[in-house]
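Below is target_34.txt, which holds compact mmCIF, N, CA and C atoms.
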```
# COMPACT_ATOMS: atom_id res chain seq x y z
N MET A 1 -0.55 -31.36 10.67
CA MET A 1 -0.99 -30.49 9.59
C MET A 1 -0.41 -29.10 9.80
N ASP A 2 -0.16 -28.34 8.72
CA ASP A 2 0.51 -27.05 8.82
C ASP A 2 -0.44 -25.86 8.85
N GLY A 3 -1.72 -26.06 9.13
CA GLY A 3 -2.67 -24.95 9.24
C GLY A 3 -3.19 -24.46 7.91
N THR A 4 -3.08 -25.30 6.86
CA THR A 4 -3.59 -24.89 5.55
C THR A 4 -4.65 -25.88 5.10
N ASP A 5 -5.51 -25.43 4.20
CA ASP A 5 -6.46 -26.31 3.54
C ASP A 5 -6.30 -26.11 2.05
N GLU A 6 -7.22 -26.63 1.23
CA GLU A 6 -7.05 -26.52 -0.21
C GLU A 6 -7.14 -25.09 -0.74
N VAL A 7 -7.72 -24.18 0.03
CA VAL A 7 -7.85 -22.79 -0.41
C VAL A 7 -6.58 -22.00 -0.11
N GLY A 8 -6.00 -22.20 1.06
CA GLY A 8 -4.81 -21.46 1.46
C GLY A 8 -4.66 -21.54 2.97
N PRO A 9 -3.96 -20.59 3.55
CA PRO A 9 -3.72 -20.66 4.99
C PRO A 9 -5.02 -20.46 5.79
N ALA A 10 -5.06 -21.02 6.99
CA ALA A 10 -6.23 -20.89 7.85
C ALA A 10 -6.28 -19.50 8.48
N ILE A 11 -5.19 -18.76 8.34
CA ILE A 11 -5.15 -17.39 8.84
C ILE A 11 -4.64 -16.48 7.74
N LEU A 12 -4.97 -15.22 7.84
CA LEU A 12 -4.48 -14.21 6.91
C LEU A 12 -3.72 -13.19 7.73
N ARG A 13 -2.41 -13.13 7.53
CA ARG A 13 -1.57 -12.18 8.26
C ARG A 13 -1.58 -10.85 7.50
N VAL A 14 -2.19 -9.84 8.10
CA VAL A 14 -2.31 -8.53 7.47
C VAL A 14 -1.06 -7.70 7.79
N THR A 15 -0.74 -7.60 9.06
CA THR A 15 0.47 -6.92 9.54
C THR A 15 1.07 -7.82 10.61
N PRO A 16 2.26 -7.51 11.11
CA PRO A 16 2.82 -8.35 12.17
C PRO A 16 1.92 -8.44 13.41
N THR A 17 1.09 -7.43 13.65
CA THR A 17 0.24 -7.43 14.84
C THR A 17 -1.23 -7.72 14.52
N CYS A 18 -1.58 -7.89 13.26
CA CYS A 18 -2.97 -8.14 12.89
C CYS A 18 -3.08 -9.43 12.09
N VAL A 19 -3.78 -10.40 12.66
CA VAL A 19 -3.99 -11.69 12.00
C VAL A 19 -5.48 -12.00 12.02
N LEU A 20 -6.02 -12.35 10.86
CA LEU A 20 -7.45 -12.68 10.74
C LEU A 20 -7.61 -14.17 10.51
N ARG A 21 -8.65 -14.75 11.09
CA ARG A 21 -8.99 -16.14 10.81
C ARG A 21 -9.76 -16.18 9.49
N MET A 22 -9.51 -17.21 8.70
CA MET A 22 -10.17 -17.31 7.40
C MET A 22 -11.67 -17.52 7.52
N ASP A 23 -12.13 -18.08 8.65
CA ASP A 23 -13.56 -18.30 8.79
C ASP A 23 -14.33 -17.00 9.05
N GLU A 24 -13.61 -15.89 9.23
CA GLU A 24 -14.27 -14.58 9.36
C GLU A 24 -14.59 -13.97 7.99
N LEU A 25 -14.04 -14.54 6.94
CA LEU A 25 -14.24 -14.02 5.59
C LEU A 25 -15.42 -14.73 4.95
N GLU A 26 -16.25 -13.96 4.27
CA GLU A 26 -17.41 -14.52 3.58
C GLU A 26 -17.14 -14.47 2.08
N TRP A 27 -17.19 -15.64 1.44
CA TRP A 27 -16.88 -15.75 0.02
C TRP A 27 -18.15 -15.89 -0.80
N ARG A 28 -18.14 -15.31 -2.01
CA ARG A 28 -19.20 -15.52 -3.00
C ARG A 28 -18.52 -15.68 -4.35
N PHE A 29 -19.05 -16.56 -5.16
CA PHE A 29 -18.49 -16.78 -6.49
C PHE A 29 -19.59 -16.64 -7.52
N SER A 30 -19.24 -16.04 -8.65
CA SER A 30 -20.21 -15.86 -9.72
C SER A 30 -19.47 -15.89 -11.05
N ALA A 31 -20.22 -15.87 -12.11
CA ALA A 31 -19.62 -15.89 -13.44
C ALA A 31 -18.99 -14.54 -13.74
N SER A 32 -17.81 -14.58 -14.29
CA SER A 32 -17.13 -13.35 -14.70
C SER A 32 -17.78 -12.81 -15.96
N GLY A 33 -17.76 -11.51 -16.12
CA GLY A 33 -18.32 -10.91 -17.32
C GLY A 33 -17.32 -10.93 -18.45
N GLY A 34 -17.75 -10.52 -19.62
CA GLY A 34 -16.85 -10.40 -20.76
C GLY A 34 -16.80 -11.66 -21.59
N PRO A 35 -15.99 -11.64 -22.65
CA PRO A 35 -15.90 -12.77 -23.56
C PRO A 35 -15.18 -13.95 -22.90
N GLY A 36 -15.38 -15.13 -23.43
CA GLY A 36 -14.70 -16.29 -22.87
C GLY A 36 -15.23 -17.60 -23.41
N GLY A 37 -16.24 -17.56 -24.23
CA GLY A 37 -16.74 -18.78 -24.85
C GLY A 37 -17.53 -19.64 -23.88
N GLN A 38 -17.48 -20.94 -24.10
CA GLN A 38 -18.30 -21.87 -23.33
C GLN A 38 -17.86 -21.94 -21.86
N HIS A 39 -16.58 -21.81 -21.62
CA HIS A 39 -16.06 -21.93 -20.25
C HIS A 39 -16.67 -20.88 -19.33
N VAL A 40 -16.78 -19.66 -19.81
CA VAL A 40 -17.27 -18.57 -18.97
C VAL A 40 -18.74 -18.75 -18.61
N ASN A 41 -19.47 -19.47 -19.43
CA ASN A 41 -20.89 -19.69 -19.16
C ASN A 41 -21.13 -20.72 -18.06
N THR A 42 -20.16 -21.57 -17.81
CA THR A 42 -20.35 -22.66 -16.85
C THR A 42 -19.56 -22.50 -15.56
N ALA A 43 -18.50 -21.71 -15.56
CA ALA A 43 -17.61 -21.63 -14.40
C ALA A 43 -17.84 -20.33 -13.62
N ASN A 44 -17.96 -20.45 -12.33
CA ASN A 44 -18.07 -19.28 -11.46
C ASN A 44 -16.68 -18.88 -10.98
N THR A 45 -15.99 -18.10 -11.82
CA THR A 45 -14.59 -17.78 -11.52
C THR A 45 -14.42 -16.45 -10.81
N ARG A 46 -15.41 -15.59 -10.85
CA ARG A 46 -15.30 -14.29 -10.19
C ARG A 46 -15.41 -14.51 -8.68
N ALA A 47 -14.42 -14.01 -7.93
CA ALA A 47 -14.38 -14.21 -6.47
C ALA A 47 -14.64 -12.88 -5.78
N GLU A 48 -15.54 -12.92 -4.81
CA GLU A 48 -15.85 -11.75 -3.99
C GLU A 48 -15.68 -12.15 -2.54
N VAL A 49 -14.91 -11.37 -1.80
CA VAL A 49 -14.70 -11.67 -0.38
C VAL A 49 -15.15 -10.47 0.43
N ARG A 50 -15.87 -10.75 1.52
CA ARG A 50 -16.35 -9.70 2.41
C ARG A 50 -15.77 -9.94 3.80
N PHE A 51 -15.41 -8.83 4.45
CA PHE A 51 -14.89 -8.91 5.82
C PHE A 51 -15.67 -7.92 6.66
N ASP A 52 -16.33 -8.42 7.71
CA ASP A 52 -17.12 -7.57 8.60
C ASP A 52 -16.19 -7.01 9.68
N ILE A 53 -15.78 -5.78 9.49
CA ILE A 53 -14.84 -5.14 10.39
C ILE A 53 -15.45 -4.95 11.78
N ALA A 54 -16.70 -4.52 11.82
CA ALA A 54 -17.35 -4.20 13.09
C ALA A 54 -17.51 -5.43 13.98
N ALA A 55 -17.71 -6.61 13.40
CA ALA A 55 -17.99 -7.81 14.20
C ALA A 55 -16.78 -8.74 14.34
N SER A 56 -15.62 -8.35 13.86
CA SER A 56 -14.46 -9.23 13.89
C SER A 56 -13.86 -9.38 15.29
N PRO A 57 -13.74 -10.62 15.78
CA PRO A 57 -13.11 -10.83 17.08
C PRO A 57 -11.58 -10.76 17.01
N SER A 58 -11.00 -10.81 15.83
CA SER A 58 -9.55 -10.81 15.67
C SER A 58 -8.93 -9.43 15.84
N LEU A 59 -9.73 -8.38 15.72
CA LEU A 59 -9.20 -7.03 15.78
C LEU A 59 -9.20 -6.49 17.21
N GLY A 60 -8.15 -5.74 17.53
CA GLY A 60 -8.12 -5.05 18.81
C GLY A 60 -8.95 -3.78 18.72
N PRO A 61 -9.23 -3.13 19.85
CA PRO A 61 -10.08 -1.93 19.82
C PRO A 61 -9.51 -0.79 18.97
N ARG A 62 -8.19 -0.58 19.05
CA ARG A 62 -7.59 0.51 18.25
C ARG A 62 -7.62 0.18 16.77
N GLN A 63 -7.31 -1.08 16.45
CA GLN A 63 -7.34 -1.50 15.05
C GLN A 63 -8.75 -1.37 14.48
N ARG A 64 -9.74 -1.83 15.25
CA ARG A 64 -11.14 -1.76 14.79
C ARG A 64 -11.55 -0.30 14.56
N ALA A 65 -11.20 0.58 15.50
CA ALA A 65 -11.58 2.00 15.38
C ALA A 65 -10.93 2.61 14.13
N ARG A 66 -9.65 2.30 13.90
CA ARG A 66 -8.96 2.86 12.73
C ARG A 66 -9.58 2.36 11.43
N LEU A 67 -9.89 1.05 11.37
CA LEU A 67 -10.48 0.49 10.15
C LEU A 67 -11.89 1.00 9.92
N LEU A 68 -12.68 1.12 10.99
CA LEU A 68 -14.04 1.65 10.83
C LEU A 68 -14.00 3.08 10.32
N GLU A 69 -13.05 3.86 10.82
CA GLU A 69 -12.93 5.26 10.38
C GLU A 69 -12.51 5.36 8.93
N ARG A 70 -11.60 4.49 8.51
CA ARG A 70 -11.04 4.61 7.16
C ARG A 70 -11.78 3.80 6.10
N LEU A 71 -12.37 2.66 6.48
CA LEU A 71 -12.97 1.77 5.48
C LEU A 71 -14.47 1.55 5.65
N GLY A 72 -15.01 1.88 6.81
CA GLY A 72 -16.42 1.60 7.06
C GLY A 72 -16.58 0.28 7.80
N SER A 73 -17.83 -0.17 7.96
CA SER A 73 -18.09 -1.35 8.79
C SER A 73 -17.83 -2.66 8.05
N GLU A 74 -17.77 -2.62 6.72
CA GLU A 74 -17.53 -3.84 5.95
C GLU A 74 -16.62 -3.54 4.78
N LEU A 75 -15.71 -4.45 4.51
CA LEU A 75 -14.80 -4.31 3.38
C LEU A 75 -15.12 -5.41 2.38
N ARG A 76 -15.32 -5.02 1.13
CA ARG A 76 -15.67 -5.96 0.06
C ARG A 76 -14.64 -5.82 -1.05
N VAL A 77 -14.07 -6.96 -1.47
CA VAL A 77 -13.06 -6.98 -2.52
C VAL A 77 -13.48 -8.00 -3.57
N VAL A 78 -13.32 -7.64 -4.84
CA VAL A 78 -13.71 -8.50 -5.96
C VAL A 78 -12.49 -8.74 -6.85
N ALA A 79 -12.37 -9.96 -7.35
CA ALA A 79 -11.32 -10.28 -8.32
C ALA A 79 -11.92 -11.14 -9.42
N SER A 80 -11.80 -10.66 -10.65
CA SER A 80 -12.26 -11.45 -11.79
C SER A 80 -11.26 -11.34 -12.93
N ASP A 81 -10.00 -11.10 -12.58
CA ASP A 81 -8.96 -10.87 -13.58
C ASP A 81 -8.56 -12.14 -14.32
N GLU A 82 -8.54 -13.26 -13.59
CA GLU A 82 -8.03 -14.50 -14.15
C GLU A 82 -9.18 -15.43 -14.55
N ARG A 83 -8.84 -16.49 -15.29
CA ARG A 83 -9.85 -17.46 -15.71
C ARG A 83 -10.03 -18.56 -14.68
N SER A 84 -9.14 -18.60 -13.70
CA SER A 84 -9.19 -19.64 -12.68
C SER A 84 -9.80 -19.08 -11.39
N GLN A 85 -10.74 -19.82 -10.80
CA GLN A 85 -11.34 -19.38 -9.54
C GLN A 85 -10.29 -19.35 -8.44
N LEU A 86 -9.40 -20.33 -8.41
CA LEU A 86 -8.36 -20.38 -7.38
C LEU A 86 -7.46 -19.15 -7.46
N ARG A 87 -7.07 -18.79 -8.67
CA ARG A 87 -6.20 -17.60 -8.83
C ARG A 87 -6.96 -16.34 -8.43
N ASN A 88 -8.24 -16.24 -8.76
CA ASN A 88 -9.03 -15.07 -8.37
C ASN A 88 -9.21 -15.02 -6.85
N ARG A 89 -9.31 -16.17 -6.21
CA ARG A 89 -9.36 -16.21 -4.74
C ARG A 89 -8.08 -15.63 -4.16
N GLU A 90 -6.95 -16.05 -4.71
CA GLU A 90 -5.65 -15.56 -4.23
C GLU A 90 -5.54 -14.05 -4.43
N LEU A 91 -5.96 -13.58 -5.59
CA LEU A 91 -5.91 -12.14 -5.87
C LEU A 91 -6.80 -11.37 -4.90
N ALA A 92 -8.01 -11.89 -4.65
CA ALA A 92 -8.94 -11.21 -3.75
C ALA A 92 -8.36 -11.15 -2.34
N LEU A 93 -7.75 -12.25 -1.88
CA LEU A 93 -7.13 -12.26 -0.55
C LEU A 93 -6.00 -11.25 -0.46
N GLU A 94 -5.18 -11.19 -1.49
CA GLU A 94 -4.05 -10.26 -1.49
C GLU A 94 -4.55 -8.81 -1.49
N ARG A 95 -5.59 -8.53 -2.26
CA ARG A 95 -6.15 -7.18 -2.29
C ARG A 95 -6.76 -6.81 -0.94
N LEU A 96 -7.45 -7.76 -0.33
CA LEU A 96 -8.03 -7.53 1.00
C LEU A 96 -6.92 -7.23 2.00
N ARG A 97 -5.87 -8.06 1.98
CA ARG A 97 -4.75 -7.88 2.89
C ARG A 97 -4.10 -6.51 2.71
N SER A 98 -3.86 -6.12 1.47
CA SER A 98 -3.18 -4.84 1.23
C SER A 98 -4.07 -3.65 1.61
N ARG A 99 -5.37 -3.73 1.35
CA ARG A 99 -6.28 -2.64 1.74
C ARG A 99 -6.32 -2.49 3.26
N LEU A 100 -6.40 -3.62 3.97
CA LEU A 100 -6.42 -3.58 5.44
C LEU A 100 -5.09 -3.04 5.98
N ALA A 101 -3.98 -3.53 5.42
CA ALA A 101 -2.66 -3.08 5.89
C ALA A 101 -2.49 -1.58 5.67
N GLU A 102 -2.93 -1.10 4.53
CA GLU A 102 -2.81 0.34 4.24
C GLU A 102 -3.66 1.16 5.20
N ALA A 103 -4.85 0.68 5.51
CA ALA A 103 -5.73 1.40 6.42
C ALA A 103 -5.22 1.36 7.86
N LEU A 104 -4.49 0.32 8.22
CA LEU A 104 -3.97 0.20 9.59
C LEU A 104 -2.68 0.98 9.78
N ARG A 105 -2.04 1.39 8.69
CA ARG A 105 -0.74 2.06 8.80
C ARG A 105 -0.89 3.40 9.52
N VAL A 106 0.01 3.64 10.45
CA VAL A 106 0.01 4.89 11.21
C VAL A 106 1.14 5.77 10.70
N GLU A 107 0.78 6.97 10.30
CA GLU A 107 1.80 7.91 9.84
C GLU A 107 2.59 8.43 11.04
N ALA A 108 3.91 8.44 10.92
CA ALA A 108 4.74 8.99 11.98
C ALA A 108 4.59 10.51 11.98
N PRO A 109 4.43 11.12 13.15
CA PRO A 109 4.29 12.58 13.18
C PRO A 109 5.58 13.26 12.75
N ARG A 110 5.43 14.33 12.00
CA ARG A 110 6.60 15.07 11.53
C ARG A 110 7.08 16.00 12.63
N ARG A 111 8.36 15.91 12.88
CA ARG A 111 8.96 16.80 13.88
C ARG A 111 9.77 17.86 13.15
N PRO A 112 9.41 19.13 13.35
CA PRO A 112 10.16 20.17 12.64
C PRO A 112 11.60 20.24 13.14
N THR A 113 12.51 20.43 12.21
CA THR A 113 13.93 20.52 12.56
C THR A 113 14.49 21.81 11.97
N LYS A 114 15.67 22.20 12.43
CA LYS A 114 16.33 23.35 11.81
C LYS A 114 17.77 22.97 11.50
N PRO A 115 18.34 23.56 10.47
CA PRO A 115 19.70 23.19 10.08
C PRO A 115 20.72 23.57 11.16
N SER A 116 21.78 22.78 11.24
CA SER A 116 22.83 23.07 12.23
C SER A 116 23.65 24.28 11.76
N LYS A 117 24.44 24.80 12.67
CA LYS A 117 25.28 25.96 12.35
C LYS A 117 26.28 25.60 11.24
N ALA A 118 26.86 24.40 11.32
CA ALA A 118 27.82 23.96 10.31
C ALA A 118 27.14 23.84 8.94
N ALA A 119 25.90 23.35 8.91
CA ALA A 119 25.18 23.21 7.65
C ALA A 119 24.91 24.58 7.03
N LYS A 120 24.55 25.55 7.87
CA LYS A 120 24.34 26.91 7.36
C LYS A 120 25.63 27.47 6.77
N GLN A 121 26.75 27.26 7.47
CA GLN A 121 28.04 27.77 6.98
C GLN A 121 28.42 27.10 5.65
N ARG A 122 28.22 25.79 5.55
CA ARG A 122 28.53 25.08 4.29
C ARG A 122 27.70 25.64 3.14
N ARG A 123 26.39 25.87 3.39
CA ARG A 123 25.51 26.39 2.35
C ARG A 123 25.99 27.76 1.89
N LEU A 124 26.32 28.66 2.84
CA LEU A 124 26.78 30.00 2.47
C LEU A 124 28.11 29.96 1.74
N GLU A 125 29.01 29.06 2.16
CA GLU A 125 30.31 28.92 1.49
C GLU A 125 30.12 28.42 0.06
N ASP A 126 29.20 27.45 -0.13
CA ASP A 126 28.91 26.95 -1.48
C ASP A 126 28.33 28.05 -2.36
N LYS A 127 27.45 28.89 -1.78
CA LYS A 127 26.87 30.01 -2.54
C LYS A 127 27.96 31.00 -2.96
N ARG A 128 28.86 31.29 -2.03
CA ARG A 128 29.97 32.22 -2.36
C ARG A 128 30.84 31.66 -3.48
N HIS A 129 31.15 30.38 -3.37
CA HIS A 129 32.01 29.73 -4.35
C HIS A 129 31.33 29.75 -5.73
N ARG A 130 30.04 29.42 -5.78
CA ARG A 130 29.29 29.41 -7.04
C ARG A 130 29.21 30.82 -7.63
N SER A 131 28.96 31.78 -6.78
CA SER A 131 28.89 33.18 -7.21
C SER A 131 30.21 33.63 -7.82
N GLU A 132 31.30 33.27 -7.16
CA GLU A 132 32.64 33.63 -7.66
C GLU A 132 32.90 32.99 -9.01
N THR A 133 32.51 31.73 -9.17
CA THR A 133 32.70 31.02 -10.45
C THR A 133 31.94 31.74 -11.56
N LYS A 134 30.68 32.13 -11.30
CA LYS A 134 29.88 32.82 -12.32
C LYS A 134 30.43 34.21 -12.61
N ARG A 135 30.91 34.89 -11.58
CA ARG A 135 31.45 36.23 -11.76
C ARG A 135 32.70 36.19 -12.65
N ARG A 136 33.56 35.18 -12.46
CA ARG A 136 34.77 35.04 -13.27
C ARG A 136 34.44 34.75 -14.72
N ARG A 137 33.36 34.04 -14.97
CA ARG A 137 32.98 33.73 -16.35
C ARG A 137 32.56 34.97 -17.12
N GLN A 138 31.97 35.95 -16.47
CA GLN A 138 31.42 37.12 -17.17
C GLN A 138 32.51 37.98 -17.80
N GLY A 139 33.69 38.01 -17.23
CA GLY A 139 34.76 38.85 -17.75
C GLY A 139 35.42 38.25 -18.97
N ARG A 140 35.23 37.00 -19.23
CA ARG A 140 35.92 36.31 -20.30
C ARG A 140 35.08 36.38 -21.59
N ALA A 141 35.69 36.74 -22.71
CA ALA A 141 34.97 36.78 -23.99
C ALA A 141 35.09 35.42 -24.68
N GLU A 142 34.06 35.02 -25.40
CA GLU A 142 34.07 33.75 -26.11
C GLU A 142 34.90 33.91 -27.39
N PRO A 143 35.82 32.99 -27.68
CA PRO A 143 36.61 33.10 -28.92
C PRO A 143 35.74 32.85 -30.15
N ASP A 144 36.00 33.63 -31.24
CA ASP A 144 35.24 33.45 -32.48
C ASP A 144 35.89 32.36 -33.31
N ASP A 145 35.08 31.62 -34.04
CA ASP A 145 35.61 30.57 -34.92
C ASP A 145 35.74 31.03 -36.33
```

Turn this file's structure into C-alpha cells for me.
Amino acid sequence: MDGTDEVGPAILRVTPTCVLRMDELEWRFSASGGPGGQHVNTANTRAEVRFDIAASPSLGPRQRARLLERLGSELRVVASDERSQLRNRELALERLRSRLAEALRVEAPRRPTKPSKAAKQRRLEDKRHRSETKRRRQGRAEPDD
C-alpha cells in the first residue's frame, strides 16, 4: 500500500521539515449554509478540521514554539466552498497546510549593505550625462508649424 486511504495521504507534508500524521487532525462535518435545494438539506458537505498545536507529537520544540506564538494553541480551518464533501476536505487540508507553512516561515535577517565605489561612480556619471542632455535641450527653440 502507498500510505493513502480514501480521504488522502496518511501524512500531511507542511514543509520539507514538518510532516503531520493525519490521525492528529480532528474532522467535523455539517450542512453548508446558503441555497442549494434538497441536496443541501441532506448532505453534510461543510468540512472543519482542527489541529491541536500544543499537543502534537509531530512538531519539534522550535516549530511548536513558533506556531504557538503565531497561531495559538489550536488551528481551526473551515471549507464550505464546494458542493462535494471530498472537495471541501481537500480544500480544508490545503488551507491548513498553507496556514501552518506560512506561520513556520522564518524571515531572513536583513543585512545592511553599501554601494561599491564603482557603483557610486556609475551613478554620478549617469547623472552628469543626463544633466548635460537636459542642458543641451534648453538652448534649442521649438520650430513653429

### Query
So how far away is atom CA of Gly33 of chain A from atom CA of Asp81 of chain A, in Å?
10.1 Å

Would you mind listing, for every residue of segment 28-79 of chain A within 8 Å of segment 11-24 of chain A, the two atoms forming the shortest contact and the distance between them in Å to one decimal, using only C-alpha atoms, sorted by chain and ascending residue number, as CSV?
```
residue,atom,partner,partner_atom,distance
A:Phe51,CA,A:Glu24,CA,6.7
A:Asp52,CA,A:Glu24,CA,7.6
A:Ser56,CA,A:Glu24,CA,7.0
A:Ser58,CA,A:Leu20,CA,5.7
A:Leu59,CA,A:Cys18,CA,7.0
```

### Task
Could you please determine the separation between atom N of Glu74 of chain A and atom N of Phe29 of chain A in Å, to one decimal place?
18.4 Å

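Residue nearest Ala31 of chain A within the list A:Ser131, A:Asn88, A:Thr45, A:Ser116: A:Thr45 [criterion: smallest interatomic distance, all atoms listed in the file].
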
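Across the model, the gap from atom C of Glu132 of chain A to atom CA of Ala119 of chain A is 20.8 Å.
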
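Of all the residues in segment 38-119 of chain A, the ones DSSP labels as strand (DSSP E or B) from the backbone are Arg46, Ala47, Glu48, Val49, Arg50, Phe51, Asp52, Glu74, Leu75, Arg76, Val77, Val78 and Ala79 of chain A.
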
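Shortest atom-to-atom contact with Leu71 of chain A among A:Arg130, A:Lys117, A:Arg28, A:Arg99: A:Arg99, counting only C-alpha atoms.
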
Take the point (-10.6, -2.3, 3.4) in the file's coordinates, draw a sphere of radius 8 Å around it, and report as an mmCIF file with N, CA and C atoms, in the frame of the given file every protein, DNA or RNA residue with an atom inside or on it, counting all atoms listed in the file.
```
data_model
loop_
_atom_site.group_PDB
_atom_site.id
_atom_site.type_symbol
_atom_site.label_atom_id
_atom_site.label_comp_id
_atom_site.auth_asym_id
_atom_site.auth_seq_id
_atom_site.Cartn_x
_atom_site.Cartn_y
_atom_site.Cartn_z
ATOM 1 N N LEU A 67 -9.890 1.050 11.370
ATOM 2 C CA LEU A 67 -10.480 0.490 10.150
ATOM 3 C C LEU A 67 -11.890 1.000 9.920
ATOM 4 N N ARG A 70 -11.600 4.490 8.510
ATOM 5 C CA ARG A 70 -11.040 4.610 7.160
ATOM 6 C C ARG A 70 -11.780 3.800 6.100
ATOM 7 N N LEU A 71 -12.370 2.660 6.480
ATOM 8 C CA LEU A 71 -12.970 1.770 5.480
ATOM 9 C C LEU A 71 -14.470 1.550 5.650
ATOM 10 N N GLY A 72 -15.010 1.880 6.810
ATOM 11 C CA GLY A 72 -16.420 1.600 7.060
ATOM 12 C C GLY A 72 -16.580 0.280 7.800
ATOM 13 N N GLU A 74 -17.770 -2.620 6.720
ATOM 14 C CA GLU A 74 -17.530 -3.840 5.950
ATOM 15 C C GLU A 74 -16.620 -3.540 4.780
ATOM 16 N N LEU A 75 -15.710 -4.450 4.510
ATOM 17 C CA LEU A 75 -14.800 -4.310 3.380
ATOM 18 C C LEU A 75 -15.120 -5.410 2.380
ATOM 19 N N ARG A 76 -15.320 -5.020 1.130
ATOM 20 C CA ARG A 76 -15.670 -5.960 0.060
ATOM 21 C C ARG A 76 -14.640 -5.820 -1.050
ATOM 22 N N VAL A 77 -14.070 -6.960 -1.470
ATOM 23 C CA VAL A 77 -13.060 -6.980 -2.520
ATOM 24 C C VAL A 77 -13.480 -8.000 -3.570
ATOM 25 N N ARG A 95 -5.590 -8.530 -2.260
ATOM 26 C CA ARG A 95 -6.150 -7.180 -2.290
ATOM 27 C C ARG A 95 -6.760 -6.810 -0.940
ATOM 28 N N LEU A 96 -7.450 -7.760 -0.330
ATOM 29 C CA LEU A 96 -8.030 -7.530 1.000
ATOM 30 C C LEU A 96 -6.920 -7.230 2.000
ATOM 31 N N ARG A 97 -5.870 -8.060 1.980
ATOM 32 C CA ARG A 97 -4.750 -7.880 2.890
ATOM 33 C C ARG A 97 -4.100 -6.510 2.710
ATOM 34 N N SER A 98 -3.860 -6.120 1.470
ATOM 35 C CA SER A 98 -3.180 -4.840 1.230
ATOM 36 C C SER A 98 -4.070 -3.650 1.610
ATOM 37 N N ARG A 99 -5.370 -3.730 1.350
ATOM 38 C CA ARG A 99 -6.280 -2.640 1.740
ATOM 39 C C ARG A 99 -6.320 -2.490 3.260
ATOM 40 N N LEU A 100 -6.400 -3.620 3.970
ATOM 41 C CA LEU A 100 -6.420 -3.580 5.440
ATOM 42 C C LEU A 100 -5.090 -3.040 5.980
ATOM 43 N N ALA A 101 -3.980 -3.530 5.420
ATOM 44 C CA ALA A 101 -2.660 -3.080 5.890
ATOM 45 C C ALA A 101 -2.490 -1.580 5.670
ATOM 46 N N GLU A 102 -2.930 -1.100 4.530
ATOM 47 C CA GLU A 102 -2.810 0.340 4.240
ATOM 48 C C GLU A 102 -3.660 1.160 5.200
ATOM 49 N N ALA A 103 -4.850 0.680 5.510
ATOM 50 C CA ALA A 103 -5.730 1.400 6.420
ATOM 51 C C ALA A 103 -5.220 1.360 7.860
#
```

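Using all atoms listed in the file, the shortest contact distance between Val78 of chain A and any of A:Ala43, A:Leu91, A:Ala55, A:Arg111 is found at A:Leu91.
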
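Residues having any atom no farther than 8 Å from (-9.2, -14.8, -7.8) (counting all atoms listed in the file) are Thr45, Arg46, Ala47, Glu48, Val78, Ala79, Ser80, Asp81, Glu82, Arg83, Ser84, Gln85, Leu86, Arg87, Asn88, Arg89, Glu90, Leu91, Ala92 and Leu93 of chain A.
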
#### Entry: Which of chain A fall in helix (DSSP H, G or I), as a PyMOL selection string
chain A and resi 22-24+38-42+61-71+85-104+117-138
